[in-house]
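See below for coords39.txt, which holds compact mmCIF, C-alpha atoms.
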```txt
# COMPACT_ATOMS: atom_id res chain seq x y z
CA MET A 1 17.56 -63.24 -23.45
CA VAL A 2 14.05 -64.46 -24.22
CA SER A 3 12.40 -63.13 -27.37
CA SER A 4 8.81 -61.99 -27.04
CA GLN A 5 7.79 -64.81 -29.43
CA ASP A 6 9.47 -67.65 -27.52
CA THR A 7 6.72 -68.62 -25.12
CA ALA A 8 8.40 -71.90 -24.05
CA ALA A 9 11.47 -70.02 -22.79
CA PHE A 10 9.23 -67.45 -21.16
CA GLY A 11 7.37 -70.31 -19.46
CA GLU A 12 10.69 -71.42 -17.97
CA LEU A 13 11.25 -67.89 -16.64
CA VAL A 14 7.78 -67.91 -15.08
CA ARG A 15 8.47 -71.28 -13.44
CA ARG A 16 11.76 -69.99 -12.07
CA HIS A 17 10.44 -66.72 -10.64
CA GLN A 18 6.76 -67.34 -9.88
CA SER A 19 7.39 -68.09 -6.20
CA HIS A 20 9.22 -64.77 -5.61
CA VAL A 21 6.64 -62.70 -7.44
CA ARG A 22 3.64 -64.43 -5.83
CA ASN A 23 5.16 -64.20 -2.34
CA PHE A 24 5.95 -60.51 -2.89
CA LEU A 25 2.39 -59.76 -4.00
CA ARG A 26 0.88 -61.90 -1.22
CA LYS A 27 2.76 -59.87 1.39
CA LEU A 28 1.86 -56.63 -0.33
CA SER A 29 -1.85 -57.29 -0.78
CA GLY A 30 -2.50 -59.64 2.14
CA ASP A 31 -4.74 -61.70 -0.11
CA HIS A 32 -3.55 -64.90 -1.74
CA THR A 33 -6.15 -65.11 -4.52
CA LEU A 34 -5.77 -61.47 -5.49
CA ALA A 35 -1.99 -61.81 -5.33
CA ASP A 36 -2.01 -64.79 -7.70
CA ASP A 37 -4.26 -62.94 -10.15
CA LEU A 38 -1.95 -59.94 -9.99
CA ALA A 39 1.06 -62.23 -10.44
CA GLN A 40 -0.48 -63.60 -13.64
CA ASP A 41 -1.09 -60.06 -14.90
CA SER A 42 2.43 -59.09 -13.91
CA PHE A 43 3.96 -61.92 -15.94
CA ILE A 44 1.82 -61.01 -18.95
CA HIS A 45 2.93 -57.38 -18.64
CA ALA A 46 6.50 -58.59 -18.28
CA TRP A 47 6.17 -60.63 -21.48
CA GLU A 48 4.82 -57.58 -23.32
CA LYS A 49 7.66 -55.41 -22.01
CA LEU A 50 10.49 -57.95 -22.28
CA GLN A 51 12.35 -55.84 -24.83
CA THR A 52 12.54 -52.97 -22.31
CA TYR A 53 14.64 -55.09 -19.94
CA SER A 54 18.12 -53.77 -20.60
CA GLY A 55 20.01 -56.47 -18.70
CA ARG A 56 21.18 -53.85 -16.18
CA GLY A 57 20.36 -55.09 -12.71
CA SER A 58 18.87 -58.44 -11.81
CA PHE A 59 15.95 -59.90 -13.74
CA ILE A 60 14.02 -60.54 -10.52
CA GLY A 61 14.45 -56.85 -9.63
CA TRP A 62 12.95 -55.86 -12.97
CA LEU A 63 10.18 -58.44 -12.55
CA LEU A 64 9.30 -57.11 -9.10
CA LYS A 65 9.16 -53.60 -10.54
CA VAL A 66 6.58 -54.83 -13.07
CA ALA A 67 4.70 -56.62 -10.27
CA TYR A 68 4.73 -53.52 -8.05
CA THR A 69 3.45 -51.34 -10.93
CA THR A 70 0.71 -53.90 -11.64
CA PHE A 71 -0.24 -53.88 -7.95
CA LEU A 72 -0.42 -50.07 -7.83
CA GLN A 73 -2.49 -49.95 -11.04
CA SER A 74 -4.89 -52.52 -9.63
CA LYS A 75 -5.20 -50.53 -6.38
CA ARG A 76 -5.97 -47.37 -8.36
CA LYS A 77 -8.61 -49.19 -10.43
CA THR A 78 -10.24 -50.69 -7.32
CA LYS A 79 -10.28 -47.26 -5.66
CA ARG A 80 -11.86 -45.66 -8.73
CA TYR A 81 -14.43 -48.46 -8.89
CA ALA A 82 -15.30 -47.97 -5.20
CA GLU A 83 -15.70 -44.23 -5.82
CA ILE A 84 -18.09 -44.88 -8.71
CA ILE A 85 -20.12 -47.31 -6.60
CA ASN A 86 -20.19 -44.81 -3.71
CA SER A 87 -21.26 -41.97 -5.95
CA ALA A 88 -24.05 -44.18 -7.30
CA GLY A 89 -25.38 -44.40 -3.74
CA HIS A 90 -24.40 -47.97 -2.98
CA VAL A 91 -22.46 -49.13 -0.01
CA ALA A 92 -19.15 -50.10 -1.47
CA ASP A 93 -17.43 -53.01 0.10
CA GLN A 94 -14.06 -51.46 0.52
CA GLU A 95 -11.28 -52.92 -1.61
CA SER A 96 -9.92 -55.95 0.09
CA ARG A 97 -12.02 -55.84 3.24
CA SER A 98 -13.78 -59.05 2.25
CA GLN A 99 -10.50 -60.62 1.27
CA VAL A 100 -8.66 -59.94 4.53
CA LEU A 101 -7.98 -63.04 6.57
CA PRO A 102 -9.88 -63.65 9.81
CA ASP A 103 -8.16 -62.47 13.03
CA ASP A 104 -6.98 -65.94 14.08
CA GLU A 105 -5.29 -66.47 10.71
CA ILE A 106 -3.32 -63.23 10.80
CA THR A 107 0.36 -64.00 11.14
CA ASP A 108 2.96 -61.96 13.02
CA LEU A 109 4.37 -60.76 9.72
CA GLU A 110 0.96 -59.48 8.64
CA LYS A 111 0.69 -57.57 11.93
CA PHE A 112 4.09 -56.00 11.25
CA LEU A 113 3.15 -55.14 7.69
CA ALA A 114 -0.11 -53.57 8.86
CA VAL A 115 1.71 -50.75 10.66
CA LEU A 116 3.57 -49.79 7.50
CA THR A 117 2.39 -47.62 4.64
CA GLU A 118 2.02 -49.22 1.22
CA GLU A 119 5.36 -47.86 0.03
CA GLU A 120 7.16 -48.88 3.21
CA ARG A 121 5.63 -52.34 2.98
CA ALA A 122 6.74 -52.80 -0.63
CA ILE A 123 10.28 -51.64 0.12
CA MET A 124 10.60 -53.70 3.30
CA VAL A 125 9.33 -56.81 1.50
CA MET A 126 11.70 -56.23 -1.42
CA SER A 127 14.58 -55.82 1.01
CA TYR A 128 13.94 -58.47 3.65
CA ALA A 129 11.86 -61.06 1.82
CA CYS A 130 13.26 -60.82 -1.71
CA GLY A 131 16.82 -59.86 -0.80
CA LEU A 132 17.03 -56.99 -3.29
CA SER A 133 19.82 -54.46 -2.90
CA HIS A 134 19.00 -50.83 -2.15
CA ARG A 135 19.90 -49.92 -5.73
CA GLU A 136 17.60 -52.62 -7.13
CA ILE A 137 14.78 -51.43 -4.87
CA GLY A 138 15.44 -47.89 -6.06
CA ASP A 139 15.17 -49.05 -9.67
CA ALA A 140 12.00 -51.00 -8.93
CA THR A 141 10.25 -48.17 -7.11
CA ASP A 142 11.73 -45.25 -9.06
CA LEU A 143 13.16 -43.82 -5.85
CA PRO A 144 16.69 -42.62 -5.10
CA VAL A 145 18.84 -45.01 -3.04
CA GLY A 146 18.94 -42.49 -0.18
CA THR A 147 15.13 -42.45 0.00
CA VAL A 148 15.04 -46.25 -0.03
CA LYS A 149 17.43 -46.35 2.91
CA SER A 150 15.41 -43.83 4.90
CA VAL A 151 12.15 -45.69 4.14
CA ILE A 152 13.72 -48.93 5.42
CA PHE A 153 14.99 -47.10 8.50
CA ARG A 154 11.53 -45.62 9.12
CA GLY A 155 9.85 -49.00 8.56
CA LYS A 156 12.15 -50.71 11.04
CA GLU A 157 11.51 -47.97 13.56
CA LYS A 158 7.74 -48.33 13.17
CA ILE A 159 7.94 -52.09 13.66
CA ARG A 160 10.26 -51.60 16.64
CA ASN A 161 7.91 -49.06 18.22
CA SER A 162 4.74 -51.06 17.58
CA PHE A 163 6.08 -54.43 18.71
CA ASP A 164 8.70 -55.48 21.13
CA ILE A 165 10.71 -56.98 18.35
CA LYS A 166 13.71 -58.01 20.48
CA ASP A 167 11.59 -60.18 22.72
CA HIS A 168 9.53 -61.47 19.84
CA ASN A 169 9.85 -65.19 19.46
CA HIS A 170 8.80 -65.79 15.89
CA GLY A 171 8.07 -69.09 14.17
CA MET B 1 21.21 -55.97 0.81
CA ALA B 2 24.75 -56.60 -0.34
CA GLU B 3 25.93 -53.03 0.20
CA ARG B 4 25.31 -52.88 3.93
CA ILE B 5 26.27 -54.82 6.98
CA LYS B 6 23.38 -56.72 8.50
CA ASP B 7 22.85 -56.40 12.21
CA ALA B 8 20.90 -58.74 14.48
CA GLU B 9 17.68 -56.84 13.84
CA ASP B 10 18.14 -57.16 10.08
CA ARG B 11 18.68 -60.89 10.40
CA LEU B 12 15.60 -61.20 12.61
CA LEU B 13 13.51 -59.24 10.12
CA GLU B 14 14.86 -61.37 7.27
CA SER B 15 13.84 -64.54 9.05
CA MET B 16 10.38 -63.10 9.78
CA PHE B 17 9.86 -61.92 6.22
CA ALA B 18 11.09 -65.20 4.76
CA SER B 19 8.47 -67.53 3.36
CA PRO B 20 8.75 -71.03 1.91
CA PRO B 21 8.90 -71.23 -1.90
CA LEU B 22 5.49 -71.65 -3.47
CA ALA B 23 4.79 -74.68 -5.61
CA ASP B 24 4.02 -73.88 -9.24
CA ASP B 25 0.73 -75.89 -9.25
CA GLY B 26 0.03 -75.08 -12.89
CA PHE B 27 0.60 -71.34 -12.42
CA SER B 28 3.24 -71.07 -15.16
CA VAL B 29 1.09 -73.18 -17.51
CA ARG B 30 -1.83 -70.76 -17.01
CA VAL B 31 0.42 -67.76 -17.67
CA VAL B 32 1.91 -69.29 -20.84
CA ARG B 33 -1.60 -70.23 -22.04
CA LYS B 34 -2.73 -66.62 -21.58
CA VAL B 35 0.37 -65.34 -23.34
CA ASN B 36 -0.20 -67.72 -26.28
CA ARG B 37 -3.81 -66.59 -26.51
CA ARG B 38 -2.69 -62.95 -26.66
CA LEU B 39 -0.07 -63.80 -29.26
CA TRP B 40 -2.62 -65.44 -31.52
CA LEU B 41 -5.08 -62.61 -31.03
CA ARG B 42 -2.40 -60.12 -32.00
CA ARG B 43 -1.44 -62.16 -35.08
CA LEU B 44 -5.04 -62.41 -36.23
CA THR B 45 -6.16 -58.86 -35.49
CA LEU B 46 -4.50 -57.11 -38.46
CA PRO B 47 -5.50 -59.60 -41.20
CA ILE B 48 -9.08 -59.74 -39.90
CA ALA B 49 -9.24 -55.95 -39.68
CA THR B 50 -7.87 -55.69 -43.24
CA ILE B 51 -10.48 -58.12 -44.58
CA ILE B 52 -13.34 -56.37 -42.77
CA GLY B 53 -12.02 -52.96 -43.82
CA GLY B 54 -11.69 -54.11 -47.43
CA PHE B 55 -15.22 -55.53 -47.34
CA ILE B 56 -16.61 -52.26 -45.94
CA ALA B 57 -14.57 -50.11 -48.34
CA PHE B 58 -15.35 -52.18 -51.45
CA LYS B 59 -18.79 -50.68 -52.22
CA PRO B 60 -17.92 -46.98 -51.78
CA LEU B 61 -14.62 -47.53 -53.57
CA SER B 62 -16.28 -49.13 -56.59
CA GLY B 63 -18.80 -46.24 -56.60
CA LEU B 64 -15.94 -43.76 -56.54
CA VAL B 65 -14.28 -45.50 -59.48
CA ALA B 66 -17.57 -45.41 -61.42
CA VAL B 67 -18.04 -41.68 -60.71
CA LEU B 68 -14.47 -40.93 -61.73
CA SER B 69 -14.84 -42.84 -64.97
CA SER B 70 -18.13 -41.03 -65.76
CA LEU B 71 -16.45 -37.69 -64.95
CA SER B 72 -13.66 -38.48 -67.33
CA SER B 73 -16.24 -38.92 -70.11
CA LEU B 74 -17.31 -35.29 -69.52
CA ILE B 75 -13.88 -34.01 -70.41
CA PRO B 76 -13.87 -32.82 -74.07
CA THR B 77 -12.24 -35.27 -76.41
CA ASP B 78 -9.90 -32.57 -77.69
CA THR B 79 -8.53 -32.09 -74.20
CA ILE B 80 -8.17 -35.82 -73.76
CA ASN B 81 -6.41 -36.16 -77.10
CA MET B 82 -4.11 -33.30 -76.19
CA ALA B 83 -3.48 -34.78 -72.75
CA THR B 84 -2.91 -38.27 -74.02
CA SER B 85 -0.47 -36.98 -76.56
CA SER B 86 1.58 -35.29 -73.80
CA ILE B 87 0.89 -37.71 -70.90
CA PRO B 88 0.31 -41.31 -71.88
CA GLN B 89 -2.74 -42.95 -70.28
CA PHE B 90 -3.71 -39.87 -68.24
CA GLN B 91 -6.92 -41.42 -66.87
CA THR B 92 -5.15 -44.48 -65.61
CA VAL B 93 -2.50 -42.42 -63.87
CA VAL B 94 -5.12 -40.24 -62.11
CA LEU B 95 -7.20 -43.24 -61.15
CA GLY B 96 -4.15 -45.11 -59.91
CA ALA B 97 -3.04 -42.10 -57.85
CA ILE B 98 -6.49 -41.80 -56.26
CA LEU B 99 -6.61 -45.51 -55.50
CA LEU B 100 -3.10 -45.38 -54.05
CA ALA B 101 -4.07 -42.44 -51.85
CA VAL B 102 -7.20 -44.27 -50.67
CA CYS B 103 -5.17 -47.42 -49.94
CA LEU B 104 -2.52 -45.52 -48.01
CA LEU B 105 -5.18 -43.67 -46.07
CA SER B 106 -7.04 -46.86 -45.19
CA THR B 107 -3.78 -48.61 -44.18
CA ARG B 108 -2.95 -45.71 -41.87
CA LEU B 109 -6.47 -45.81 -40.43
CA LEU B 110 -6.15 -49.56 -39.86
CA ASP B 111 -2.78 -49.08 -38.18
CA ASN B 112 -4.29 -46.46 -35.90
```
Please express the file's structure as structure tokens.
Amino acid sequence: MVSSQDTAAFGELVRRHQSHVRNFLRKLSGDHTLADDLAQDSFIHAWEKLQTYSGRGSFIGWLLKVAYTTFLQSKRKTKRYAEIINSAGHVADQESRSQVLPDDEITDLEKFLAVLTEEERAIMVMSYACGLSHREIGDATDLPVGTVKSVIFRGKEKIRNSFDIKDHNHG
Amino acid sequence: MAERIKDAEDRLLESMFASPPLADDGFSVRVVRKVNRRLWLRRLTLPIATIIGGFIAFKPLSGLVAVLSSLSSLIPTDTINMATSSIPQFQTVVLGAILLAVCLLSTRLLDN
């Protein structure tokens, strides 16, 4: 267990898990720069909340919960900011519109993720990209395991309906 | 995904969602640097706030002490003699209690 004062040990934890957290946030936000900024914030939040990690469940599961919360908070802030700008009579450049990749750079995965809602996307990424169990996803998203399962089922169905996934030759 | 059996679709989705591990490229160093900065800021905040608070409170506090000491001179000497005979160093006790109350109050304010 890393104490909140031991920054060297915490640095080792960051090194070990940064790839998972950054990849998770990249898939969730669709923007690499924003994702890396959010990942930094997530690790700082994690350091501040280290004593709340009970040891129950995997550390990466807990870390992804912190990252997901950070992402949602950032989304809320951006939305509020856009509302303020709009109410001031300016044309607000919507959230990540400027940060979205050009059409030719959009990967198949990004197309799949685009048909999902934010919650579905987060849960699908946690399940298929990060390999978290349904219980761990439930802990991370504060949802019952049954709901997690039905969200995954719904997400798969959406992807299946939107794309001919069986004939899809990825890679 | 340990608690369920993966079918072909699950495996396909897993392979599509998979991404190569990202190189650190100084990311962890930047995070640790930020954390250290926060740690130092947190360590310095309370002492600095105490010094500034003490500096701000010094003048009114010294004025309060002066007023209290002048008030105590208004009390008739008979009363003081009577009080000092029953309670030793009455003025000092009152003054100390007031100062203690002010200190506790300012500490609580600083904490808040």
Identify all chain A residues at most 7 Å from chain B by counting all atoms listed in the file; ligands do not count. Present them as number ranges by chain.
A: 7, 11, 14-15, 19, 40, 44, 109, 125, 127-129, 131-134, 170
List as a ChimeraX atom specification the protein and nucleic acid residues near His17 in chain A, meaning an atom at most 9 Å away when only C-alpha atoms are counted, but skip any in the same chain fewer than 5 places from it.
/A:12,22,60,63
Name the residues in contact with Arg154 in chain A at a cut-off of 12 Å, using all atoms listed in the file, excluding same-chain residues fewer than 2 positions from it; report them as a PyMOL selection string.
chain A and resi 115-117+119-121+123-124+147-152+156-161
Interatomic distance (Å, one decimal) between CA of Ala49 in chain B and CA of Trp47 in chain A:
24.3 Å
Contacts of range 69-72 of chain B within 10 Å, all atoms listed in the file, excl. fewer than 4 positions in-chain, as number ranges by chain
B: 63-65, 76-77, 80, 91-92, 95
Can you work out the spacing between CA of Trp62 in chain A and CA of Ala140 in chain A in Å, to one decimal?
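Going from CA of Trp62 in chain A over to CA of Ala140 in chain A covers 6.4 Å.
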CA of Thr45 in chain B and CA of Asp37 in chain A are how many Å apart?
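Straight-line distance from CA of Thr45 in chain B to CA of Asp37 in chain A works out to 25.7 Å.
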Draw an axis-aligned box tight on the listed atoms of range 63-67 of chain A, then pad every side by 6 Å and write out centre and edge lengths in Å to one decimal as JSON.
```
{"center_x": 7.4, "center_y": -56.0, "center_z": -11.1, "size_x": 17.5, "size_y": 16.8, "size_z": 16.0}
```
